[in-house]
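Asks: My questions will all concern the structure given below.
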Protein chains: 2
Amino acid sequence: MKLNTKSRYAVMALADMSKFPINNPVSLRDISLRQSISLLYLEQIFLKLKKNDIVKSVRGTNGGYVLKRDPKNIKLSEIFQALDQKVKTVGCKKDSKKGCNGKSAKCITHELWDELEIYINNFFENKKLSDLSLTKGDI
Amino acid sequence: MKLNTKSRYAVMALADMSKFPINNPVSLRDISLRQSISLLYLEQIFLKLKKNDIVKSVRGTNGGYVLKRDPKNIKLSEIFQALDQKVKTVGCKKDSKKGCNGKSAKCITHELWDELEIYINNFFENKKLSDLSLTKGDI
DNA sequence: TGAATACTTGACTATTTTAGTCGGGTATAT
DNA sequence: ATATACCCGACTAAAATAGTCAAGTATTCA
């Protein structure tokens, strides 16, 4: 059970951004340097964050990305969702007719995994970007 | 963030076993058939469960595996540990001097991941094998 | 005693996922 | 104009995962 770098980097980058005055575009190049994340990888990540309405982009010289909302209103769950980073505990679909439906022999433990999924999602649901960015002084 | 099949199967198999009278050896072959898990894969899994004192083996005809303790006293966290299935949220070591130490630029979000790890482990720590095996009627 | 059952163990392999790169764009400020 | 910085799909290397194989050993029962 491992967190992937994409969502981890996304949170790091957004936390980094949230240290700067809002509406002040932060370039991926700068984030890349400060957080030691490959620029090209960051581009991939921010594309998704943009599509999911978490950031908006400002093109051209002195451009960059800007948080679309106040860090207080950005839940970590949104960030994870943006990167298709679901908490997947089981292979079988929840409501599929054949195979596992939570009652069959195969998935005696299905309920448990569902419960775990909800439990973990709950963690992210209750954390805001502001919860992390404001606690530390330096970047 | 995905659970691997090894630990999932381990829990399924143990839940299956715990339906039968204790001290009654359950063969992997039977578990394999009931739960549709490859026998050879189960063997691999049970070797680890045995090494970690969760089950004991009975060789020979009518042999199989037996739970070493009452399902009420087997925490899911033990099962996961037995399969080296740690909840890993970050790559960097917790106390390494160079690189990330929770305060450096790189790991602005380190505390968050630690918190998540503890949170998830807590789930498994508070679940017993008996919590799942007894709730369902059939196997 | 020997055949069948069932555990034991390490090594091996195919598949999938992950992490990250590459190349060729487009928009905008100065 | 030109440098900066976002845009986007396709690609690839490496690692992890899932599962198999081969060659055992121990025990029971006929």
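Ligands are numbered from 1 in the order shown, residues from 1 within each chain, and chains are lettered A, B, ... in the order they appear in the structure tokens.
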Can you check which parts of chain B lie within 6 Å of chain C? Per residue, the shortest pair of atoms and distance in Å to one decimal, counting only C-alpha atoms (C1' of nucleotides), sorted by chain and number, as a Markdown table.
Replies:
| residue | atom | partner | partner_atom | distance |
| --- | --- | --- | --- | --- |
| B:Arg59 | CA | C:DC7 | C1' | 5.5 |
| B:Gly60 | CA | C:DA6 | C1' | 5.3 |
| B:Thr61 | CA | C:DT5 | C1' | 4.3 |
Asks: Go ahead and write the selection's residues with N, CA and C atoms as a PDB file, in the first residue's frame.
Replies:
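Now in again.pdb:
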ATOM      1  N   ARG B  59       1.222 -31.464   8.770  1.00  0.00           N
ATOM      2  CA  ARG B  59       1.603 -32.105   7.506  1.00  0.00           C
ATOM      3  C   ARG B  59       0.889 -33.437   7.318  1.00  0.00           C
ATOM      4  N   GLY B  60       1.020 -33.906   6.098  1.00  0.00           N
ATOM      5  CA  GLY B  60       0.483 -35.227   5.798  1.00  0.00           C
ATOM      6  C   GLY B  60      -0.982 -35.229   5.410  1.00  0.00           C
ATOM      7  N   THR B  61      -1.464 -36.421   5.138  1.00  0.00           N
ATOM      8  CA  THR B  61      -2.872 -36.583   4.761  1.00  0.00           C
ATOM      9  C   THR B  61      -3.769 -35.984   5.836  1.00  0.00           C
TER      10      THR B  61
END
Asks: Residues of chain D were defined as contacting chain B if any atom lay at most 7 Å from it, counting only C-alpha atoms (C1' of nucleotides); please report them as a PyMOL selection string.
Replies: chain D and resi 19+26-28
Asks: Please produce an output containing N, CA and C atoms (P, O5', C5', C4', C3', O3' and C1' of nucleotides) for each residue in the selection, written as an mmCIF file, in the first residue's frame.
Replies:
data_model
loop_
_atom_site.group_PDB
_atom_site.id
_atom_site.type_symbol
_atom_site.label_atom_id
_atom_site.label_comp_id
_atom_site.auth_asym_id
_atom_site.auth_seq_id
_atom_site.Cartn_x
_atom_site.Cartn_y
_atom_site.Cartn_z
ATOM 1 P P DG D 19 -2.976 -13.054 -9.129
ATOM 2 O "O5'" DG D 19 -2.006 -14.253 -9.464
ATOM 3 C "C5'" DG D 19 -1.589 -14.361 -10.838
ATOM 4 C "C4'" DG D 19 -0.432 -15.278 -10.914
ATOM 5 C "C3'" DG D 19 -0.664 -16.669 -10.329
ATOM 6 O "O3'" DG D 19 -0.767 -17.571 -11.407
ATOM 7 C "C1'" DG D 19 1.543 -15.882 -10.004
ATOM 8 P P DA D 26 11.574 -34.501 6.679
ATOM 9 O "O5'" DA D 26 10.027 -34.607 7.034
ATOM 10 C "C5'" DA D 26 9.358 -33.450 7.512
ATOM 11 C "C4'" DA D 26 7.902 -33.787 7.670
ATOM 12 C "C3'" DA D 26 7.639 -34.997 8.562
ATOM 13 O "O3'" DA D 26 6.654 -34.582 9.497
ATOM 14 C "C1'" DA D 26 6.539 -35.244 6.464
ATOM 15 P P DT D 27 6.263 -35.515 10.732
ATOM 16 O "O5'" DT D 27 4.949 -36.202 10.148
ATOM 17 C "C5'" DT D 27 3.862 -35.350 9.776
ATOM 18 C "C4'" DT D 27 2.755 -36.167 9.194
ATOM 19 C "C3'" DT D 27 2.375 -37.415 10.000
ATOM 20 O "O3'" DT D 27 1.033 -37.225 10.403
ATOM 21 C "C1'" DT D 27 2.485 -37.881 7.681
ATOM 22 P P DT D 28 0.331 -38.195 11.466
ATOM 23 O "O5'" DT D 28 -0.699 -38.939 10.497
ATOM 24 C "C5'" DT D 28 -1.605 -38.149 9.701
ATOM 25 C "C4'" DT D 28 -2.188 -39.029 8.615
ATOM 26 C "C3'" DT D 28 -2.883 -40.280 9.137
ATOM 27 O "O3'" DT D 28 -4.229 -40.208 8.680
ATOM 28 C "C1'" DT D 28 -1.476 -40.784 7.297
#
Asks: What separation in Å, quoted to one decimal, exists between atom CA of Leu47 of chain A and atom CA of Phe123 of chain A?
Replies: 24.8 Å
Asks: So, counting only C-alpha atoms, which residue among B:Ser130, B:Asn122, B:Gln81, B:Ser57 is closest to Asn23 of chain B?
Replies: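 Looking at the shortest contact to Asn23 of chain B, the residue is B:Ser57.
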Asks: Neighbouring residues of Asn121 of chain B were defined as those with any atom within 9 Å, considering only C-alpha atoms (C1' of nucleotides); residues of the same chain fewer than 4 positions away were excluded. Please report them as a ChimeraX atom specification.
Replies: /B:77,86-87,116-117,125-126
Asks: Using C-alpha atoms, can you export the residues from the last selection as a short mmCIF file (atom, residue, chain, number, x, y, z; two decimals), in the first residue's frame?
Replies:
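The result, stored in out02.cif:
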data_model
loop_
_atom_site.label_atom_id
_atom_site.label_comp_id
_atom_site.auth_asym_id
_atom_site.auth_seq_id
_atom_site.Cartn_x
_atom_site.Cartn_y
_atom_site.Cartn_z
CA SER B 77 -2.30 -5.36 11.47
CA LYS B 86 3.56 -1.77 5.11
CA VAL B 87 1.64 1.39 4.58
CA LEU B 116 -1.79 9.35 7.25
CA GLU B 117 0.36 6.32 7.93
CA GLU B 125 -4.77 -2.25 14.64
CA ASN B 126 -8.36 -2.04 15.80
#
Asks: Residues of chain A were defined as contacting chain B if any atom lay at most 7 Å from it, counting only C-alpha atoms; please report them as a ChimeraX atom specification.
Replies: /A:1-4,12,34-36,85-89,105-106,108-109,120,132,139
Asks: Can you spit out the residues from that selection as a compact mmCIF listing (two decimals), in the first residue's frame, using all heavy atoms?
Replies:
# COMPACT_ATOMS: atom_id res chain seq x y z
N MET A 1 0.85 -1.19 0.00
CA MET A 1 0.00 0.00 0.00
C MET A 1 0.88 1.23 0.00
O MET A 1 1.51 1.56 1.00
CB MET A 1 -0.86 -0.02 1.25
CG MET A 1 -2.02 0.90 1.15
SD MET A 1 -3.30 0.39 2.26
CE MET A 1 -4.70 1.19 1.52
N LYS A 2 0.90 1.87 -1.11
CA LYS A 2 1.87 2.94 -1.27
C LYS A 2 1.22 4.13 -1.95
O LYS A 2 0.40 3.98 -2.85
CB LYS A 2 3.04 2.44 -2.13
CG LYS A 2 4.38 2.86 -1.61
CD LYS A 2 5.49 2.27 -2.46
CE LYS A 2 5.35 2.63 -3.93
NZ LYS A 2 6.33 1.95 -4.79
N LEU A 3 1.60 5.29 -1.51
CA LEU A 3 1.15 6.51 -2.14
C LEU A 3 2.03 6.74 -3.36
O LEU A 3 3.22 6.54 -3.31
CB LEU A 3 1.34 7.64 -1.14
CG LEU A 3 0.37 8.78 -1.23
CD1 LEU A 3 -1.03 8.30 -0.99
CD2 LEU A 3 0.75 9.83 -0.22
N ASN A 4 1.45 7.18 -4.47
CA ASN A 4 2.31 7.42 -5.62
C ASN A 4 2.87 8.85 -5.61
O ASN A 4 2.38 9.73 -4.91
CB ASN A 4 1.60 7.09 -6.94
CG ASN A 4 0.49 8.06 -7.25
OD1 ASN A 4 0.33 9.08 -6.59
ND2 ASN A 4 -0.27 7.73 -8.25
N MET A 12 2.65 18.65 -2.54
CA MET A 12 3.84 19.44 -2.24
C MET A 12 3.86 20.74 -3.02
O MET A 12 4.13 21.81 -2.47
CB MET A 12 5.11 18.64 -2.58
CG MET A 12 5.49 17.62 -1.54
SD MET A 12 6.74 16.45 -2.16
CE MET A 12 8.21 17.49 -2.22
N ARG A 34 12.58 24.56 -6.25
CA ARG A 34 12.44 24.57 -4.79
C ARG A 34 12.15 23.18 -4.24
O ARG A 34 12.69 22.79 -3.21
CB ARG A 34 11.30 25.51 -4.39
CG ARG A 34 11.69 26.97 -4.32
CD ARG A 34 10.64 27.76 -3.54
NE ARG A 34 9.35 27.75 -4.22
CZ ARG A 34 8.93 28.71 -5.05
NH1 ARG A 34 9.70 29.75 -5.32
NH2 ARG A 34 7.75 28.63 -5.61
N GLN A 35 11.30 22.44 -4.93
CA GLN A 35 10.89 21.16 -4.39
C GLN A 35 11.60 19.96 -5.02
O GLN A 35 11.29 18.81 -4.71
CB GLN A 35 9.36 20.98 -4.56
CG GLN A 35 8.52 22.11 -3.99
CD GLN A 35 8.62 22.21 -2.47
OE1 GLN A 35 8.93 21.24 -1.80
NE2 GLN A 35 8.38 23.39 -1.93
N SER A 36 12.55 20.26 -5.90
CA SER A 36 13.29 19.18 -6.57
C SER A 36 12.37 18.16 -7.23
O SER A 36 12.49 16.96 -7.01
CB SER A 36 14.21 18.44 -5.60
OG SER A 36 14.89 19.32 -4.78
N GLN A 85 -6.12 9.40 -8.43
CA GLN A 85 -5.50 8.59 -7.39
C GLN A 85 -6.59 8.15 -6.43
O GLN A 85 -6.82 8.77 -5.41
CB GLN A 85 -4.44 9.42 -6.68
CG GLN A 85 -3.76 8.74 -5.52
CD GLN A 85 -2.93 7.57 -5.98
OE1 GLN A 85 -2.66 7.44 -7.16
NE2 GLN A 85 -2.54 6.72 -5.07
N LYS A 86 -7.24 7.07 -6.82
CA LYS A 86 -8.28 6.56 -5.94
C LYS A 86 -7.68 5.60 -4.94
O LYS A 86 -6.67 4.97 -5.18
CB LYS A 86 -9.36 5.84 -6.76
CG LYS A 86 -10.12 6.78 -7.67
CD LYS A 86 -11.30 6.06 -8.30
CE LYS A 86 -11.81 6.84 -9.49
NZ LYS A 86 -10.93 6.71 -10.69
N VAL A 87 -8.34 5.51 -3.84
CA VAL A 87 -7.98 4.48 -2.87
C VAL A 87 -8.71 3.22 -3.30
O VAL A 87 -9.93 3.14 -3.19
CB VAL A 87 -8.41 4.89 -1.46
CG1 VAL A 87 -8.11 3.78 -0.47
CG2 VAL A 87 -7.72 6.17 -1.06
N LYS A 88 -7.97 2.31 -3.87
CA LYS A 88 -8.60 1.09 -4.36
C LYS A 88 -8.17 -0.09 -3.53
O LYS A 88 -7.00 -0.45 -3.50
CB LYS A 88 -8.24 0.83 -5.82
CG LYS A 88 -9.09 1.59 -6.80
CD LYS A 88 -8.87 1.04 -8.20
CE LYS A 88 -9.39 -0.38 -8.34
NZ LYS A 88 -9.21 -0.92 -9.71
N THR A 89 -9.11 -0.69 -2.89
CA THR A 89 -8.74 -1.80 -2.04
C THR A 89 -9.04 -3.14 -2.69
O THR A 89 -8.40 -4.13 -2.42
CB THR A 89 -9.50 -1.73 -0.70
OG1 THR A 89 -10.85 -1.43 -0.95
CG2 THR A 89 -8.91 -0.64 0.18
N ALA A 105 -19.07 -16.01 -2.25
CA ALA A 105 -17.98 -16.72 -1.59
C ALA A 105 -16.67 -15.96 -1.76
O ALA A 105 -15.89 -15.83 -0.83
CB ALA A 105 -17.84 -18.10 -2.18
N LYS A 106 -16.49 -15.45 -2.94
CA LYS A 106 -15.20 -14.85 -3.26
C LYS A 106 -14.85 -13.69 -2.35
O LYS A 106 -13.72 -13.49 -1.96
CB LYS A 106 -15.22 -14.38 -4.72
CG LYS A 106 -13.86 -14.45 -5.37
CD LYS A 106 -13.95 -14.10 -6.82
CE LYS A 106 -12.59 -14.18 -7.47
NZ LYS A 106 -12.63 -13.73 -8.85
N ILE A 108 -15.71 -12.64 0.79
CA ILE A 108 -16.10 -12.70 2.19
C ILE A 108 -15.67 -11.46 2.95
O ILE A 108 -16.30 -11.06 3.91
CB ILE A 108 -15.45 -13.96 2.82
CG1 ILE A 108 -16.03 -14.28 4.18
CG2 ILE A 108 -13.97 -13.83 2.88
CD1 ILE A 108 -15.44 -15.56 4.74
N THR A 109 -14.62 -10.84 2.47
CA THR A 109 -14.06 -9.70 3.20
C THR A 109 -14.36 -8.37 2.53
O THR A 109 -13.80 -7.34 2.90
CB THR A 109 -12.53 -9.85 3.28
OG1 THR A 109 -12.02 -10.00 1.96
CG2 THR A 109 -12.14 -11.02 4.13
N ILE A 120 -10.18 5.86 4.69
CA ILE A 120 -9.05 6.62 4.15
C ILE A 120 -9.53 7.89 3.44
O ILE A 120 -8.99 8.97 3.63
CB ILE A 120 -8.20 5.76 3.20
CG1 ILE A 120 -7.57 4.60 3.96
CG2 ILE A 120 -7.11 6.61 2.55
CD1 ILE A 120 -6.79 3.63 3.10
N LEU A 132 -1.82 22.31 5.98
CA LEU A 132 -0.39 22.01 5.96
C LEU A 132 0.46 23.20 5.64
O LEU A 132 1.54 23.37 6.20
CB LEU A 132 -0.05 20.87 5.00
CG LEU A 132 -0.87 20.57 3.79
CD1 LEU A 132 0.03 20.29 2.62
CD2 LEU A 132 -1.76 19.38 4.07
N ILE A 139 9.84 27.45 3.35
CA ILE A 139 9.47 26.54 2.27
C ILE A 139 10.53 25.46 2.08
O ILE A 139 11.64 25.62 1.88
CB ILE A 139 9.27 27.31 0.95
CG1 ILE A 139 8.14 28.32 1.14
CG2 ILE A 139 8.90 26.38 -0.18
CD1 ILE A 139 7.93 29.23 0.00
Asks: So which bits of segment 20-136 of chain B end up strand (DSSP E) when you DSSP the backbone, as a PyMOL selection string?
Replies: chain B and resi 55-58+64-67
Asks: I need the residues of segment 1-135 of chain B that end up classed as alpha helix (DSSP H) by DSSP on the backbone, written out as a PyMOL selection string.
Replies: chain B and resi 5-17+28-35+39-51+76-82+110-125+129-133
Asks: Could you check the closest approach to Gly64 of chain A for each of A:Leu129, A:Ile118, A:Leu28, A:Ala10 and tell me which residue wins, using only C-alpha atoms?
Replies: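 Of A:Leu129, A:Ile118, A:Leu28, A:Ala10, the one nearest Gly64 of chain A, counting only C-alpha atoms, is A:Leu28.
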Asks: What's around Ile22 of chain B at 10 Å? Count only C-alpha atoms (C1' of nucleotides), leave out sequence neighbours fewer than 3 positions away in its own chain, and write the answer as a PyMOL selection string.
Replies: chain B and resi 17-19+25-26+66-71
Asks: Just write the chosen residues, all heavy atoms, as a PDB file, in the first residue's frame.
Replies:
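This is the output file result-v8.pdb:
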ATOM      1  N   MET B  17     -10.840 -19.805   7.040  1.00  0.00           N
ATOM      2  CA  MET B  17     -10.426 -20.780   8.049  1.00  0.00           C
ATOM      3  C   MET B  17     -11.175 -20.630   9.365  1.00  0.00           C
ATOM      4  O   MET B  17     -11.534 -21.614  10.016  1.00  0.00           O
ATOM      5  CB  MET B  17      -8.936 -20.621   8.352  1.00  0.00           C
ATOM      6  CG  MET B  17      -8.030 -21.254   7.347  1.00  0.00           C
ATOM      7  SD  MET B  17      -6.305 -20.979   7.832  1.00  0.00           S
ATOM      8  CE  MET B  17      -6.207 -21.979   9.333  1.00  0.00           C
ATOM      9  N   SER B  18     -11.372 -19.374   9.724  1.00  0.00           N
ATOM     10  CA  SER B  18     -11.930 -19.127  11.055  1.00  0.00           C
ATOM     11  C   SER B  18     -13.398 -19.536  11.173  1.00  0.00           C
ATOM     12  O   SER B  18     -13.982 -19.495  12.241  1.00  0.00           O
ATOM     13  CB  SER B  18     -11.767 -17.646  11.426  1.00  0.00           C
ATOM     14  OG  SER B  18     -12.621 -16.859  10.640  1.00  0.00           O
ATOM     15  N   LYS B  19     -13.961 -19.989  10.030  1.00  0.00           N
ATOM     16  CA  LYS B  19     -15.339 -20.487  10.059  1.00  0.00           C
ATOM     17  C   LYS B  19     -15.386 -21.918  10.560  1.00  0.00           C
ATOM     18  O   LYS B  19     -16.437 -22.452  10.870  1.00  0.00           O
ATOM     19  CB  LYS B  19     -15.933 -20.474   8.639  1.00  0.00           C
ATOM     20  CG  LYS B  19     -15.957 -19.123   8.000  1.00  0.00           C
ATOM     21  CD  LYS B  19     -17.266 -18.429   8.261  1.00  0.00           C
ATOM     22  CE  LYS B  19     -17.263 -17.083   7.584  1.00  0.00           C
ATOM     23  NZ  LYS B  19     -18.446 -16.314   7.902  1.00  0.00           N
ATOM     24  N   PRO B  25      -7.591 -28.957  11.003  1.00  0.00           N
ATOM     25  CA  PRO B  25      -6.748 -28.448   9.921  1.00  0.00           C
ATOM     26  C   PRO B  25      -7.547 -28.192   8.647  1.00  0.00           C
ATOM     27  O   PRO B  25      -8.328 -29.044   8.231  1.00  0.00           O
ATOM     28  CB  PRO B  25      -5.737 -29.577   9.695  1.00  0.00           C
ATOM     29  CG  PRO B  25      -5.745 -30.376  10.939  1.00  0.00           C
ATOM     30  CD  PRO B  25      -7.158 -30.289  11.456  1.00  0.00           C
ATOM     31  N   VAL B  26      -7.339 -27.049   8.067  1.00  0.00           N
ATOM     32  CA  VAL B  26      -7.977 -26.693   6.799  1.00  0.00           C
ATOM     33  C   VAL B  26      -6.892 -26.695   5.732  1.00  0.00           C
ATOM     34  O   VAL B  26      -5.866 -26.036   5.883  1.00  0.00           O
ATOM     35  CB  VAL B  26      -8.619 -25.296   6.888  1.00  0.00           C
ATOM     36  CG1 VAL B  26      -9.282 -24.926   5.583  1.00  0.00           C
ATOM     37  CG2 VAL B  26      -9.605 -25.225   8.045  1.00  0.00           C
ATOM     38  N   VAL B  66      -3.846 -24.493  10.738  1.00  0.00           N
ATOM     39  CA  VAL B  66      -4.712 -24.233  11.882  1.00  0.00           C
ATOM     40  C   VAL B  66      -4.370 -22.846  12.431  1.00  0.00           C
ATOM     41  O   VAL B  66      -3.193 -22.487  12.481  1.00  0.00           O
ATOM     42  CB  VAL B  66      -4.448 -25.302  12.977  1.00  0.00           C
ATOM     43  CG1 VAL B  66      -5.176 -24.960  14.260  1.00  0.00           C
ATOM     44  CG2 VAL B  66      -4.832 -26.684  12.481  1.00  0.00           C
ATOM     45  N   LEU B  67      -5.366 -22.108  12.801  1.00  0.00           N
ATOM     46  CA  LEU B  67      -5.108 -20.805  13.422  1.00  0.00           C
ATOM     47  C   LEU B  67      -4.395 -21.026  14.754  1.00  0.00           C
ATOM     48  O   LEU B  67      -4.772 -21.887  15.535  1.00  0.00           O
ATOM     49  CB  LEU B  67      -6.422 -20.060  13.677  1.00  0.00           C
ATOM     50  CG  LEU B  67      -7.141 -19.477  12.459  1.00  0.00           C
ATOM     51  CD1 LEU B  67      -8.459 -18.854  12.892  1.00  0.00           C
ATOM     52  CD2 LEU B  67      -6.279 -18.450  11.749  1.00  0.00           C
ATOM     53  N   LYS B  68      -3.381 -20.259  14.982  1.00  0.00           N
ATOM     54  CA  LYS B  68      -2.598 -20.458  16.197  1.00  0.00           C
ATOM     55  C   LYS B  68      -3.269 -19.810  17.408  1.00  0.00           C
ATOM     56  O   LYS B  68      -2.983 -20.164  18.547  1.00  0.00           O
ATOM     57  CB  LYS B  68      -1.202 -19.876  16.002  1.00  0.00           C
ATOM     58  CG  LYS B  68      -0.145 -20.725  16.675  1.00  0.00           C
ATOM     59  CD  LYS B  68       1.234 -20.397  16.236  1.00  0.00           C
ATOM     60  CE  LYS B  68       2.224 -21.140  17.120  1.00  0.00           C
ATOM     61  NZ  LYS B  68       3.602 -20.790  16.768  1.00  0.00           N
ATOM     62  N   ARG B  69      -4.145 -18.872  17.134  1.00  0.00           N
ATOM     63  CA  ARG B  69      -4.846 -18.196  18.217  1.00  0.00           C
ATOM     64  C   ARG B  69      -6.307 -18.009  17.856  1.00  0.00           C
ATOM     65  O   ARG B  69      -6.711 -18.149  16.713  1.00  0.00           O
ATOM     66  CB  ARG B  69      -4.229 -16.806  18.461  1.00  0.00           C
ATOM     67  CG  ARG B  69      -2.990 -16.842  19.332  1.00  0.00           C
ATOM     68  CD  ARG B  69      -2.333 -15.487  19.316  1.00  0.00           C
ATOM     69  NE  ARG B  69      -1.560 -15.289  18.079  1.00  0.00           N
ATOM     70  CZ  ARG B  69      -1.439 -14.128  17.460  1.00  0.00           C
ATOM     71  NH1 ARG B  69      -2.047 -13.062  17.936  1.00  0.00           N
ATOM     72  NH2 ARG B  69      -0.715 -14.017  16.358  1.00  0.00           N
ATOM     73  N   ASP B  70      -7.068 -17.653  18.835  1.00  0.00           N
ATOM     74  CA  ASP B  70      -8.473 -17.352  18.617  1.00  0.00           C
ATOM     75  C   ASP B  70      -8.596 -16.140  17.689  1.00  0.00           C
ATOM     76  O   ASP B  70      -7.848 -15.172  17.834  1.00  0.00           O
ATOM     77  CB  ASP B  70      -9.103 -17.031  19.985  1.00  0.00           C
ATOM     78  CG  ASP B  70     -10.609 -16.983  19.906  1.00  0.00           C
ATOM     79  OD1 ASP B  70     -11.133 -15.906  19.560  1.00  0.00           O
ATOM     80  OD2 ASP B  70     -11.249 -18.018  20.159  1.00  0.00           O
ATOM     81  N   PRO B  71      -9.524 -16.192  16.728  1.00  0.00           N
ATOM     82  CA  PRO B  71      -9.707 -15.053  15.810  1.00  0.00           C
ATOM     83  C   PRO B  71      -9.918 -13.733  16.544  1.00  0.00           C
ATOM     84  O   PRO B  71      -9.618 -12.676  16.008  1.00  0.00           O
ATOM     85  CB  PRO B  71     -10.966 -15.437  15.034  1.00  0.00           C
ATOM     86  CG  PRO B  71     -11.015 -16.910  15.071  1.00  0.00           C
ATOM     87  CD  PRO B  71     -10.409 -17.322  16.381  1.00  0.00           C
TER      88      PRO B  71
END
Asks: What is the atom CA of Lys128 of chain B-atom CA of Ile74 of chain B distance in Å, reported with one decimal?
Replies: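 Atom-to-atom, atom CA of Lys128 of chain B and atom CA of Ile74 of chain B are spaced 5.4 Å apart.
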